[in-house]
>>> print(open('coords.txt').read())   # compact mmCIF, C-alpha atoms (C1' of nucleotides)
# COMPACT_ATOMS: atom_id res chain seq x y z
CA MET A 9 -16.47 22.73 14.84
CA ALA A 10 -19.15 20.32 16.01
CA ASN A 11 -22.62 21.73 16.52
CA LEU A 12 -23.97 22.52 19.95
CA ASP A 13 -26.41 19.61 19.83
CA SER A 14 -23.63 17.06 19.58
CA ILE A 15 -21.32 19.01 21.90
CA PHE A 16 -23.85 18.99 24.72
CA HIS A 17 -25.05 15.50 23.91
CA GLY A 18 -21.48 14.43 24.50
CA LEU A 19 -21.68 15.70 28.06
CA ALA A 20 -25.05 14.14 28.86
CA ASP A 21 -23.64 10.82 30.07
CA PRO A 22 -21.42 10.00 33.07
CA THR A 23 -19.17 7.61 31.16
CA ARG A 24 -18.43 10.26 28.57
CA ARG A 25 -17.83 12.99 31.15
CA ALA A 26 -15.41 10.65 32.91
CA VAL A 27 -13.53 10.11 29.63
CA ILE A 28 -13.27 13.85 29.13
CA ALA A 29 -12.03 14.34 32.69
CA ARG A 30 -9.45 11.61 32.19
CA LEU A 31 -8.25 13.02 28.89
CA ALA A 32 -8.01 16.48 30.40
CA THR A 33 -5.02 15.12 32.31
CA GLY A 34 -3.38 13.82 29.12
CA PRO A 35 -3.80 11.45 26.16
CA ALA A 36 -4.59 7.78 26.62
CA ARG A 37 -5.12 4.68 24.56
CA VAL A 38 -8.58 3.17 24.13
CA SER A 39 -8.10 0.22 26.49
CA GLU A 40 -6.78 2.53 29.19
CA LEU A 41 -9.81 4.79 28.82
CA ALA A 42 -12.18 1.85 28.87
CA ALA A 43 -10.68 0.09 31.90
CA PRO A 44 -12.57 1.99 34.67
CA HIS A 45 -15.93 1.45 33.01
CA ASP A 46 -17.87 -1.72 33.64
CA MET A 47 -19.13 -2.32 30.14
CA ALA A 48 -18.21 -4.28 27.02
CA LEU A 49 -15.67 -2.66 24.75
CA PRO A 50 -18.05 -2.14 21.79
CA SER A 51 -20.43 -0.29 24.11
CA PHE A 52 -17.59 1.89 25.27
CA LEU A 53 -16.43 2.53 21.72
CA LYS A 54 -19.85 3.97 20.97
CA HIS A 55 -19.26 6.54 23.68
CA LEU A 56 -15.92 7.44 22.15
CA LYS A 57 -17.68 7.85 18.83
CA VAL A 58 -20.21 10.21 20.39
CA LEU A 59 -17.36 12.23 21.89
CA GLU A 60 -15.62 12.36 18.55
CA THR A 61 -18.81 13.49 16.79
CA GLY A 62 -19.21 16.16 19.45
CA GLY A 63 -15.71 17.40 18.76
CA TRP A 64 -14.52 16.51 22.25
CA ILE A 65 -11.78 14.11 21.25
CA GLU A 66 -9.60 13.09 18.37
CA SER A 67 -7.33 10.11 17.96
CA ASP A 68 -4.87 8.36 15.75
CA LYS A 69 -3.65 4.84 15.52
CA ALA A 70 -0.09 3.60 15.71
CA GLY A 71 0.11 -0.11 15.05
CA ARG A 72 -2.84 -1.60 16.87
CA ILE A 73 -2.93 1.16 19.51
CA ARG A 74 -5.34 4.06 19.14
CA THR A 75 -4.40 7.06 21.23
CA CYS A 76 -7.08 9.59 22.11
CA ARG A 77 -6.65 13.16 23.21
CA LEU A 78 -8.94 15.99 24.18
CA LYS A 79 -9.76 18.87 21.88
CA PRO A 80 -9.93 21.53 24.56
CA GLU A 81 -11.29 24.18 22.19
CA THR A 82 -14.62 22.38 22.38
CA THR A 83 -14.85 23.30 26.03
CA LYS A 84 -14.67 26.89 24.89
CA ALA A 85 -17.64 26.46 22.55
CA ALA A 86 -19.71 25.09 25.41
CA GLU A 87 -18.55 27.74 27.85
CA ASP A 88 -19.21 30.45 25.29
CA TRP A 89 -22.81 29.43 24.88
CA LEU A 90 -23.36 29.33 28.62
CA GLY A 91 -21.62 32.67 28.97
CA GLN A 92 -23.94 34.23 26.43
CA GLN A 93 -26.96 33.10 28.41
CA ARG A 94 -25.35 34.44 31.53
CA SER A 95 -24.82 37.82 29.93
CA LEU A 96 -28.41 37.90 28.73
CA TRP A 97 -29.46 37.13 32.27
CA GLU A 98 -27.10 39.62 33.81
CA GLY A 99 -28.06 42.21 31.25
CA ARG A 100 -31.56 41.70 32.46
CA LEU A 101 -30.45 42.24 36.04
CA ASP A 102 -28.66 45.37 34.90
CA ARG A 103 -31.84 46.67 33.38
CA LEU A 104 -33.71 45.77 36.55
CA ASP A 105 -31.08 47.72 38.40
CA VAL A 106 -31.61 50.71 36.14
CA PHE A 107 -35.32 50.36 36.66
CA LEU A 108 -34.95 50.30 40.44
CA ASN A 109 -32.58 53.26 40.35
CA ASN A 110 -35.13 55.14 38.29
CA LEU A 111 -37.77 54.34 40.87
CA TYR A 112 -35.42 55.60 43.55
CA ASP A 113 -34.69 58.78 41.62
CA GLU A 114 -38.39 59.33 41.09
CA GLY A 115 -38.83 58.89 44.84
CA LYS A 116 -36.28 61.62 45.40
CA ASN A 117 -38.19 63.83 42.98
CA ASP A 118 -41.32 63.16 45.02
CA GLU A 119 -39.47 64.29 48.11
CA ALA A 120 -38.39 67.50 46.44
CA MET B 4 -30.17 20.28 42.03
CA ALA B 5 -30.68 18.29 38.85
CA ASN B 6 -27.93 15.85 37.88
CA LEU B 7 -25.43 16.64 35.16
CA ASP B 8 -26.97 14.10 32.79
CA SER B 9 -30.28 15.92 32.71
CA ILE B 10 -28.66 19.36 32.86
CA PHE B 11 -26.61 18.72 29.72
CA HIS B 12 -29.38 16.76 28.05
CA GLY B 13 -31.46 19.90 28.41
CA LEU B 14 -28.93 21.79 26.29
CA ALA B 15 -28.62 19.16 23.56
CA ASP B 16 -31.48 20.47 21.44
CA PRO B 17 -31.89 23.77 19.57
CA THR B 18 -35.51 24.29 20.64
CA ARG B 19 -34.56 23.95 24.27
CA ARG B 20 -31.54 26.21 23.98
CA ALA B 21 -33.77 28.82 22.33
CA VAL B 22 -36.19 28.59 25.24
CA ILE B 23 -33.37 29.10 27.71
CA ALA B 24 -32.09 32.09 25.73
CA ARG B 25 -35.57 33.56 25.65
CA LEU B 26 -36.13 33.06 29.36
CA ALA B 27 -32.75 34.58 30.13
CA THR B 28 -34.33 37.88 29.10
CA GLY B 29 -37.28 37.40 31.44
CA PRO B 30 -40.22 35.12 32.30
CA ALA B 31 -42.81 34.14 29.70
CA ARG B 32 -45.99 32.14 29.44
CA VAL B 33 -46.06 28.80 27.66
CA SER B 34 -47.81 30.00 24.50
CA GLU B 35 -45.35 32.87 24.16
CA LEU B 36 -42.41 30.48 24.47
CA ALA B 37 -43.94 28.07 21.98
CA ALA B 38 -44.83 30.65 19.33
CA PRO B 39 -41.45 30.81 17.50
CA HIS B 40 -41.22 27.04 17.20
CA ASP B 41 -42.88 25.27 14.34
CA MET B 42 -44.23 22.27 16.19
CA ALA B 43 -47.42 21.12 17.86
CA LEU B 44 -47.89 22.31 21.40
CA PRO B 45 -47.68 18.86 23.03
CA SER B 46 -44.30 18.35 21.35
CA PHE B 47 -43.14 21.67 22.68
CA LEU B 48 -44.40 20.86 26.17
CA LYS B 49 -42.15 17.82 26.20
CA HIS B 50 -39.19 20.13 25.73
CA LEU B 51 -40.35 22.26 28.64
CA LYS B 52 -40.61 19.11 30.71
CA VAL B 53 -37.02 18.17 29.81
CA LEU B 54 -35.88 21.65 30.81
CA GLU B 55 -37.75 21.38 34.08
CA THR B 56 -36.21 17.96 34.80
CA GLY B 57 -32.81 19.42 34.04
CA GLY B 58 -33.40 22.18 36.55
CA TRP B 59 -33.28 24.86 33.86
CA ILE B 60 -36.75 26.27 34.38
CA GLU B 61 -39.56 26.42 36.87
CA SER B 62 -43.11 27.64 36.48
CA ASP B 63 -46.38 28.28 38.16
CA LYS B 64 -49.88 28.69 36.96
CA ALA B 65 -52.24 31.60 37.51
CA GLY B 66 -55.67 30.88 36.16
CA ARG B 67 -55.06 29.12 32.88
CA ILE B 68 -51.71 30.81 32.26
CA ARG B 69 -48.50 29.01 33.15
CA THR B 70 -45.56 31.36 33.51
CA CYS B 71 -42.05 29.96 33.16
CA ARG B 72 -38.81 31.44 34.38
CA LEU B 73 -35.17 30.47 34.23
CA LYS B 74 -33.32 29.00 37.19
CA PRO B 75 -30.01 30.69 36.46
CA GLU B 76 -28.17 28.72 39.16
CA THR B 77 -28.28 25.74 36.83
CA THR B 78 -26.01 27.60 34.43
CA LYS B 79 -23.51 27.69 37.25
CA ALA B 80 -23.62 23.90 37.69
CA ALA B 81 -22.86 23.47 34.00
CA GLU B 82 -20.15 26.13 33.97
CA ASP B 83 -18.60 24.63 37.09
CA TRP B 84 -18.21 21.23 35.48
CA LEU B 85 -16.64 22.74 32.37
CA GLY B 86 -14.40 24.88 34.53
CA GLN B 87 -13.16 21.83 36.39
CA GLN B 88 -12.15 20.18 33.12
CA ARG B 89 -10.47 23.38 32.08
CA SER B 90 -8.48 23.49 35.29
CA LEU B 91 -7.45 19.86 34.84
CA TRP B 92 -6.33 20.74 31.35
CA GLU B 93 -4.61 23.92 32.41
CA GLY B 94 -3.04 22.17 35.36
CA ARG B 95 -1.60 19.79 32.81
CA LEU B 96 -0.23 22.70 30.82
CA ASP B 97 1.24 24.08 34.02
CA ARG B 98 3.01 20.80 34.64
CA LEU B 99 4.22 20.80 31.06
CA ASP B 100 5.50 24.28 31.70
CA VAL B 101 7.34 23.07 34.80
CA PHE B 102 8.73 20.20 32.76
CA LEU B 103 9.97 22.52 30.04
CA ASN B 104 11.48 24.87 32.61
CA ASN B 105 13.26 21.92 34.15
CA LEU B 106 14.67 21.01 30.75
CA TYR B 107 15.83 24.57 30.36
CA ASP B 108 17.46 24.56 33.81
CA GLU B 109 19.18 21.27 33.02
CA GLY B 110 20.43 22.86 29.83
CA LYS B 111 21.94 25.66 31.87
CA ASN B 112 23.60 23.05 34.08
CA ASP B 113 25.07 21.45 30.99
CA GLU B 114 26.49 24.81 30.03
CA ALA B 115 28.14 25.21 33.40
C1' DC C 29 4.36 -19.57 12.05
C1' DA C 30 1.14 -19.76 16.10
C1' DA C 31 -0.93 -17.39 19.70
C1' DT C 32 -2.27 -13.28 21.80
C1' DT C 33 -3.61 -8.60 22.00
C1' DA C 34 -6.04 -4.21 20.59
C1' DG C 35 -9.42 -2.57 18.57
C1' DA C 36 -13.34 -2.64 14.81
C1' DT C 37 -17.65 -4.15 12.84
C1' DA C 38 -22.23 -6.30 12.52
C1' DG C 39 -26.25 -6.91 14.33
C1' DC C 40 -29.69 -7.81 18.17
C1' DC C 41 -32.44 -5.80 21.96
C1' DA C 42 -35.04 -2.71 25.15
C1' DT C 43 -35.85 1.86 26.27
C1' DA C 44 -35.74 6.87 25.44
C1' DC C 45 -36.56 10.74 22.41
C1' DG C 46 -38.97 13.84 19.57
C1' DG C 47 -42.55 14.36 16.62
C1' DC C 48 -47.81 13.84 15.88
C1' DT C 49 -53.28 13.74 16.59
C1' DA C 50 -57.20 13.37 19.42
C1' DA C 51 -59.54 14.41 23.25
C1' DG C 52 -59.90 16.38 28.06
C1' DT C 53 -60.02 20.16 31.69
C1' DA C 54 -60.20 24.46 33.65
C1' DA C 55 -60.64 29.48 33.16
C1' DC C 56 -61.93 33.47 30.89
C1' DT C 57 -65.28 36.10 27.61
C1' DT C 58 -69.47 37.17 25.62
C1' DA D 9 -74.83 29.32 29.51
C1' DA D 10 -72.04 28.83 25.48
C1' DG D 11 -67.89 29.52 23.26
C1' DT D 12 -63.08 30.25 23.21
C1' DT D 13 -58.60 30.02 25.09
C1' DA D 14 -54.64 27.84 27.33
C1' DC D 15 -52.85 24.36 28.39
C1' DT D 16 -52.83 18.98 29.59
C1' DT D 17 -53.03 14.12 28.99
C1' DA D 18 -53.04 9.82 26.45
C1' DG D 19 -51.24 7.31 23.20
C1' DC D 20 -49.18 6.27 18.49
C1' DC D 21 -45.01 6.21 15.48
C1' DG D 22 -40.29 6.08 13.66
C1' DT D 23 -35.52 6.87 14.94
C1' DA D 24 -31.72 7.22 18.20
C1' DT D 25 -29.37 5.66 22.28
C1' DG D 26 -26.94 2.57 25.06
C1' DG D 27 -26.27 -1.93 26.27
C1' DC D 28 -24.92 -6.83 24.63
C1' DT D 29 -22.55 -11.06 21.94
C1' DA D 30 -20.20 -12.86 18.15
C1' DT D 31 -17.02 -12.33 14.82
C1' DC D 32 -13.18 -9.99 12.17
C1' DT D 33 -8.72 -7.71 11.12
C1' DA D 34 -4.37 -6.24 12.01
C1' DA D 35 -0.27 -6.04 14.83
C1' DT D 36 2.79 -7.94 18.16
C1' DT D 37 4.89 -11.65 20.84
C1' DG D 38 6.58 -16.20 21.66
>>> encode(input="coords.txt", output="structure tokens")
Amino acid sequence: MANLDSIFHGLADPTRRAVIARLATGPARVSELAAPHDMALPSFLKHLKVLETGGWIESDKAGRIRTCRLKPETTKAAEDWLGQQRSLWEGRLDRLDVFLNNLYDEGKNDEA
Amino acid sequence: MANLDSIFHGLADPTRRAVIARLATGPARVSELAAPHDMALPSFLKHLKVLETGGWIESDKAGRIRTCRLKPETTKAAEDWLGQQRSLWEGRLDRLDVFLNNLYDEGKNDEA
DNA sequence: CAATTAGATAGCCATACGGCTAAGTAACTT
DNA sequence: AAGTTACTTAGCCGTATGGCTATCTAATTG
């Protein structure tokens, strides 16, 4: 599995996110992926390379056609990391909740 | 809201992810955030700046102490984008499912 | 076989990134 | 008032990024 640095670096560019979104709907050849993007092919190929390094895509070549497809498990790695932060955060809210409930309970004790 | 480029760029570095993870457990001052990281303070401050640009953190200063806290809504922006790709992908699987079911139904027609 | 197509590679360029040191400022502490 | 603390700013340095053109190879097509 690619490391988180290269996974997130893959997402930090609109061209690359567009490629991922396109490939999420199914495989495509290089020229088809490149077509919507107003840049020279070698520039675009660098983006594909970054996506490959990040574990977002894989490809193989038949004749002169290279077909790329998404590796959707990489999405999971990214989502997992974000989810862990969320649970840290929500755990914190939980503890705040406990804290506030304790305050409330103490208030009730004061009333008694 | 920060754009997706800067949001994901914020995550593409281990120091910055560690800061986010730390802040997910609660606010902290700059020196406290910097302590675990073996780098000069100005280098570390650049990372904080990247996180601020990416909408991951905000801060304010009381006396000479700057306190940073997480902006957890930014996690949502990142998760939302990933979720959209997932639903594209899963939508594709759904359509594949429909396709396979159609094949199966046609098979039944052949039997009849 | 000649021409075209699909992609790959090499290398140039400007800017961004991620590290550093040195020096500055503002706020406590003594 | 002097010293220390907590950042802050300026600026240098090497590498990475993201764009380009020119050129190359391999596979089809005519």
>>> calpha_fit_and_write(input="coords.txt", fixed="chain B", moving="chain A", output="PDB file with C-alpha atoms, in the frame of the given file")
ATOM      1  CA  MET A   9     -30.153  20.282  42.017  1.00  0.00           C
ATOM      2  CA  ALA A  10     -30.668  18.287  38.837  1.00  0.00           C
ATOM      3  CA  ASN A  11     -27.932  15.864  37.871  1.00  0.00           C
ATOM      4  CA  LEU A  12     -25.427  16.656  35.167  1.00  0.00           C
ATOM      5  CA  ASP A  13     -26.948  14.108  32.795  1.00  0.00           C
ATOM      6  CA  SER A  14     -30.267  15.917  32.700  1.00  0.00           C
ATOM      7  CA  ILE A  15     -28.653  19.366  32.846  1.00  0.00           C
ATOM      8  CA  PHE A  16     -26.596  18.727  29.729  1.00  0.00           C
ATOM      9  CA  HIS A  17     -29.354  16.766  28.047  1.00  0.00           C
ATOM     10  CA  GLY A  18     -31.423  19.903  28.396  1.00  0.00           C
ATOM     11  CA  LEU A  19     -28.918  21.799  26.285  1.00  0.00           C
ATOM     12  CA  ALA A  20     -28.593  19.161  23.571  1.00  0.00           C
ATOM     13  CA  ASP A  21     -31.458  20.473  21.439  1.00  0.00           C
ATOM     14  CA  PRO A  22     -31.865  23.783  19.574  1.00  0.00           C
ATOM     15  CA  THR A  23     -35.478  24.300  20.622  1.00  0.00           C
ATOM     16  CA  ARG A  24     -34.546  23.961  24.268  1.00  0.00           C
ATOM     17  CA  ARG A  25     -31.509  26.234  23.977  1.00  0.00           C
ATOM     18  CA  ALA A  26     -33.740  28.829  22.328  1.00  0.00           C
ATOM     19  CA  VAL A  27     -36.187  28.597  25.252  1.00  0.00           C
ATOM     20  CA  ILE A  28     -33.354  29.120  27.702  1.00  0.00           C
ATOM     21  CA  ALA A  29     -32.066  32.103  25.729  1.00  0.00           C
ATOM     22  CA  ARG A  30     -35.552  33.586  25.653  1.00  0.00           C
ATOM     23  CA  LEU A  31     -36.109  33.071  29.360  1.00  0.00           C
ATOM     24  CA  ALA A  32     -32.732  34.591  30.128  1.00  0.00           C
ATOM     25  CA  THR A  33     -34.310  37.891  29.100  1.00  0.00           C
ATOM     26  CA  GLY A  34     -37.263  37.390  31.462  1.00  0.00           C
ATOM     27  CA  PRO A  35     -40.215  35.123  32.301  1.00  0.00           C
ATOM     28  CA  ALA A  36     -42.797  34.146  29.716  1.00  0.00           C
ATOM     29  CA  ARG A  37     -45.971  32.149  29.445  1.00  0.00           C
ATOM     30  CA  VAL A  38     -46.041  28.797  27.657  1.00  0.00           C
ATOM     31  CA  SER A  39     -47.791  29.991  24.492  1.00  0.00           C
ATOM     32  CA  GLU A  40     -45.342  32.866  24.162  1.00  0.00           C
ATOM     33  CA  LEU A  41     -42.405  30.478  24.480  1.00  0.00           C
ATOM     34  CA  ALA A  42     -43.914  28.074  21.989  1.00  0.00           C
ATOM     35  CA  ALA A  43     -44.813  30.654  19.332  1.00  0.00           C
ATOM     36  CA  PRO A  44     -41.421  30.816  17.509  1.00  0.00           C
ATOM     37  CA  HIS A  45     -41.190  27.049  17.205  1.00  0.00           C
ATOM     38  CA  ASP A  46     -42.838  25.274  14.316  1.00  0.00           C
ATOM     39  CA  MET A  47     -44.187  22.289  16.178  1.00  0.00           C
ATOM     40  CA  ALA A  48     -47.383  21.122  17.865  1.00  0.00           C
ATOM     41  CA  LEU A  49     -47.896  22.302  21.411  1.00  0.00           C
ATOM     42  CA  PRO A  50     -47.662  18.833  23.027  1.00  0.00           C
ATOM     43  CA  SER A  51     -44.292  18.341  21.333  1.00  0.00           C
ATOM     44  CA  PHE A  52     -43.139  21.659  22.683  1.00  0.00           C
ATOM     45  CA  LEU A  53     -44.420  20.862  26.159  1.00  0.00           C
ATOM     46  CA  LYS A  54     -42.162  17.824  26.184  1.00  0.00           C
ATOM     47  CA  HIS A  55     -39.205  20.132  25.706  1.00  0.00           C
ATOM     48  CA  LEU A  56     -40.350  22.261  28.615  1.00  0.00           C
ATOM     49  CA  LYS A  57     -40.589  19.105  30.682  1.00  0.00           C
ATOM     50  CA  VAL A  58     -37.025  18.165  29.777  1.00  0.00           C
ATOM     51  CA  LEU A  59     -35.880  21.646  30.789  1.00  0.00           C
ATOM     52  CA  GLU A  60     -37.734  21.368  34.057  1.00  0.00           C
ATOM     53  CA  THR A  61     -36.213  17.944  34.774  1.00  0.00           C
ATOM     54  CA  GLY A  62     -32.803  19.412  34.008  1.00  0.00           C
ATOM     55  CA  GLY A  63     -33.404  22.168  36.520  1.00  0.00           C
ATOM     56  CA  TRP A  64     -33.277  24.863  33.853  1.00  0.00           C
ATOM     57  CA  ILE A  65     -36.742  26.267  34.392  1.00  0.00           C
ATOM     58  CA  GLU A  66     -39.555  26.424  36.873  1.00  0.00           C
ATOM     59  CA  SER A  67     -43.094  27.656  36.478  1.00  0.00           C
ATOM     60  CA  ASP A  68     -46.370  28.289  38.172  1.00  0.00           C
ATOM     61  CA  LYS A  69     -49.880  28.654  36.956  1.00  0.00           C
ATOM     62  CA  ALA A  70     -52.240  31.546  37.515  1.00  0.00           C
ATOM     63  CA  GLY A  71     -55.674  30.803  36.136  1.00  0.00           C
ATOM     64  CA  ARG A  72     -55.064  29.064  32.844  1.00  0.00           C
ATOM     65  CA  ILE A  73     -51.709  30.795  32.260  1.00  0.00           C
ATOM     66  CA  ARG A  74     -48.481  29.023  33.151  1.00  0.00           C
ATOM     67  CA  THR A  75     -45.540  31.364  33.503  1.00  0.00           C
ATOM     68  CA  CYS A  76     -42.036  29.967  33.147  1.00  0.00           C
ATOM     69  CA  ARG A  77     -38.798  31.447  34.357  1.00  0.00           C
ATOM     70  CA  LEU A  78     -35.161  30.470  34.240  1.00  0.00           C
ATOM     71  CA  LYS A  79     -33.313  29.012  37.192  1.00  0.00           C
ATOM     72  CA  PRO A  80     -29.995  30.682  36.494  1.00  0.00           C
ATOM     73  CA  GLU A  81     -28.155  28.701  39.173  1.00  0.00           C
ATOM     74  CA  THR A  82     -28.280  25.739  36.811  1.00  0.00           C
ATOM     75  CA  THR A  83     -26.021  27.604  34.436  1.00  0.00           C
ATOM     76  CA  LYS A  84     -23.527  27.701  37.263  1.00  0.00           C
ATOM     77  CA  ALA A  85     -23.619  23.920  37.681  1.00  0.00           C
ATOM     78  CA  ALA A  86     -22.856  23.482  33.998  1.00  0.00           C
ATOM     79  CA  GLU A  87     -20.160  26.138  33.984  1.00  0.00           C
ATOM     80  CA  ASP A  88     -18.616  24.652  37.105  1.00  0.00           C
ATOM     81  CA  TRP A  89     -18.214  21.267  35.507  1.00  0.00           C
ATOM     82  CA  LEU A  90     -16.648  22.757  32.404  1.00  0.00           C
ATOM     83  CA  GLY A  91     -14.404  24.905  34.562  1.00  0.00           C
ATOM     84  CA  GLN A  92     -13.163  21.865  36.429  1.00  0.00           C
ATOM     85  CA  GLN A  93     -12.164  20.205  33.179  1.00  0.00           C
ATOM     86  CA  ARG A  94     -10.479  23.396  32.129  1.00  0.00           C
ATOM     87  CA  SER A  95      -8.474  23.512  35.328  1.00  0.00           C
ATOM     88  CA  LEU A  96      -7.459  19.889  34.914  1.00  0.00           C
ATOM     89  CA  TRP A  97      -6.334  20.753  31.419  1.00  0.00           C
ATOM     90  CA  GLU A  98      -4.587  23.916  32.461  1.00  0.00           C
ATOM     91  CA  GLY A  99      -3.026  22.160  35.405  1.00  0.00           C
ATOM     92  CA  ARG A 100      -1.616  19.789  32.883  1.00  0.00           C
ATOM     93  CA  LEU A 101      -0.227  22.681  30.872  1.00  0.00           C
ATOM     94  CA  ASP A 102       1.250  24.056  34.070  1.00  0.00           C
ATOM     95  CA  ARG A 103       3.002  20.793  34.698  1.00  0.00           C
ATOM     96  CA  LEU A 104       4.199  20.756  31.103  1.00  0.00           C
ATOM     97  CA  ASP A 105       5.507  24.226  31.728  1.00  0.00           C
ATOM     98  CA  VAL A 106       7.348  23.049  34.818  1.00  0.00           C
ATOM     99  CA  PHE A 107       8.710  20.163  32.825  1.00  0.00           C
ATOM    100  CA  LEU A 108       9.964  22.450  30.063  1.00  0.00           C
ATOM    101  CA  ASN A 109      11.475  24.836  32.595  1.00  0.00           C
ATOM    102  CA  ASN A 110      13.257  21.905  34.179  1.00  0.00           C
ATOM    103  CA  LEU A 111      14.613  20.929  30.792  1.00  0.00           C
ATOM    104  CA  TYR A 112      15.772  24.495  30.316  1.00  0.00           C
ATOM    105  CA  ASP A 113      17.405  24.576  33.736  1.00  0.00           C
ATOM    106  CA  GLU A 114      19.113  21.283  33.019  1.00  0.00           C
ATOM    107  CA  GLY A 115      20.356  22.818  29.771  1.00  0.00           C
ATOM    108  CA  LYS A 116      21.853  25.662  31.756  1.00  0.00           C
ATOM    109  CA  ASN A 117      23.522  23.127  34.031  1.00  0.00           C
ATOM    110  CA  ASP A 118      24.972  21.477  30.936  1.00  0.00           C
ATOM    111  CA  GLU A 119      26.376  24.821  29.890  1.00  0.00           C
ATOM    112  CA  ALA A 120      27.995  25.335  33.262  1.00  0.00           C
TER     113      ALA A 120
END
>>> closest_atom_pairs(input="coords.txt", of="chain A", to="chain D", cutoff="7 Å", atoms="only C-alpha atoms (C1' of nucleotides)", output="Markdown table")
| residue | atom | partner | partner_atom | distance |
| --- | --- | --- | --- | --- |
| A:Ser51 | CA | D:DG27 | C1' | 6.4 |
| A:Gly71 | CA | D:DA35 | C1' | 5.9 |
| A:Arg72 | CA | D:DA35 | C1' | 5.5 |
>>> atom_distance(input="coords.txt", atom1="CA of Ser95 (chain A)", atom2="CA of Glu55 (chain B)")
21.3 Å
>>> residues_around(input="coords.txt", residues="Thr23 (chain A)", least_positions_apart="6", cutoff="9 Å", atoms="all atoms listed in the file", output="PyMOL selection string")
chain A and resi 45+52+55
>>> write_last_selection(input="coords.txt", atoms="C-alpha atoms", output="PDB file, in the coordinates of the input")
ATOM      1  CA  HIS A  45     -15.930   1.450  33.010  1.00  0.00           C
ATOM      2  CA  PHE A  52     -17.590   1.890  25.270  1.00  0.00           C
ATOM      3  CA  HIS A  55     -19.260   6.540  23.680  1.00  0.00           C
TER       4      HIS A  55
END
>>> closest_atom_pairs(input="coords.txt", of="chain C", to="chain B", cutoff="9 Å", atoms="only C-alpha atoms (C1' of nucleotides)", output="tab-separated table")
residue	atom	partner	partner_atom	distance
C:DG46	C1'	B:Ser46	CA	7.2
C:DG47	C1'	B:Ser46	CA	6.4
C:DC48	C1'	B:Ala43	CA	7.6
C:DA54	C1'	B:Arg67	CA	7.0
C:DA55	C1'	B:Arg67	CA	5.6
C:DC56	C1'	B:Arg67	CA	8.4
>>> residues_near_point(input="coords.txt", point="(-35.9, 34.9, 29.5)", cutoff="9 Å", atoms="all atoms listed in the file", output="PyMOL selection string")
(chain A and resi 96-97+100) or (chain B and resi 22-31+71-73)
>>> atom_distance(input="coords.txt", atom1="CA of Gly57 (chain B)", atom2="CA of Ala5 (chain B)")
5.4 Å
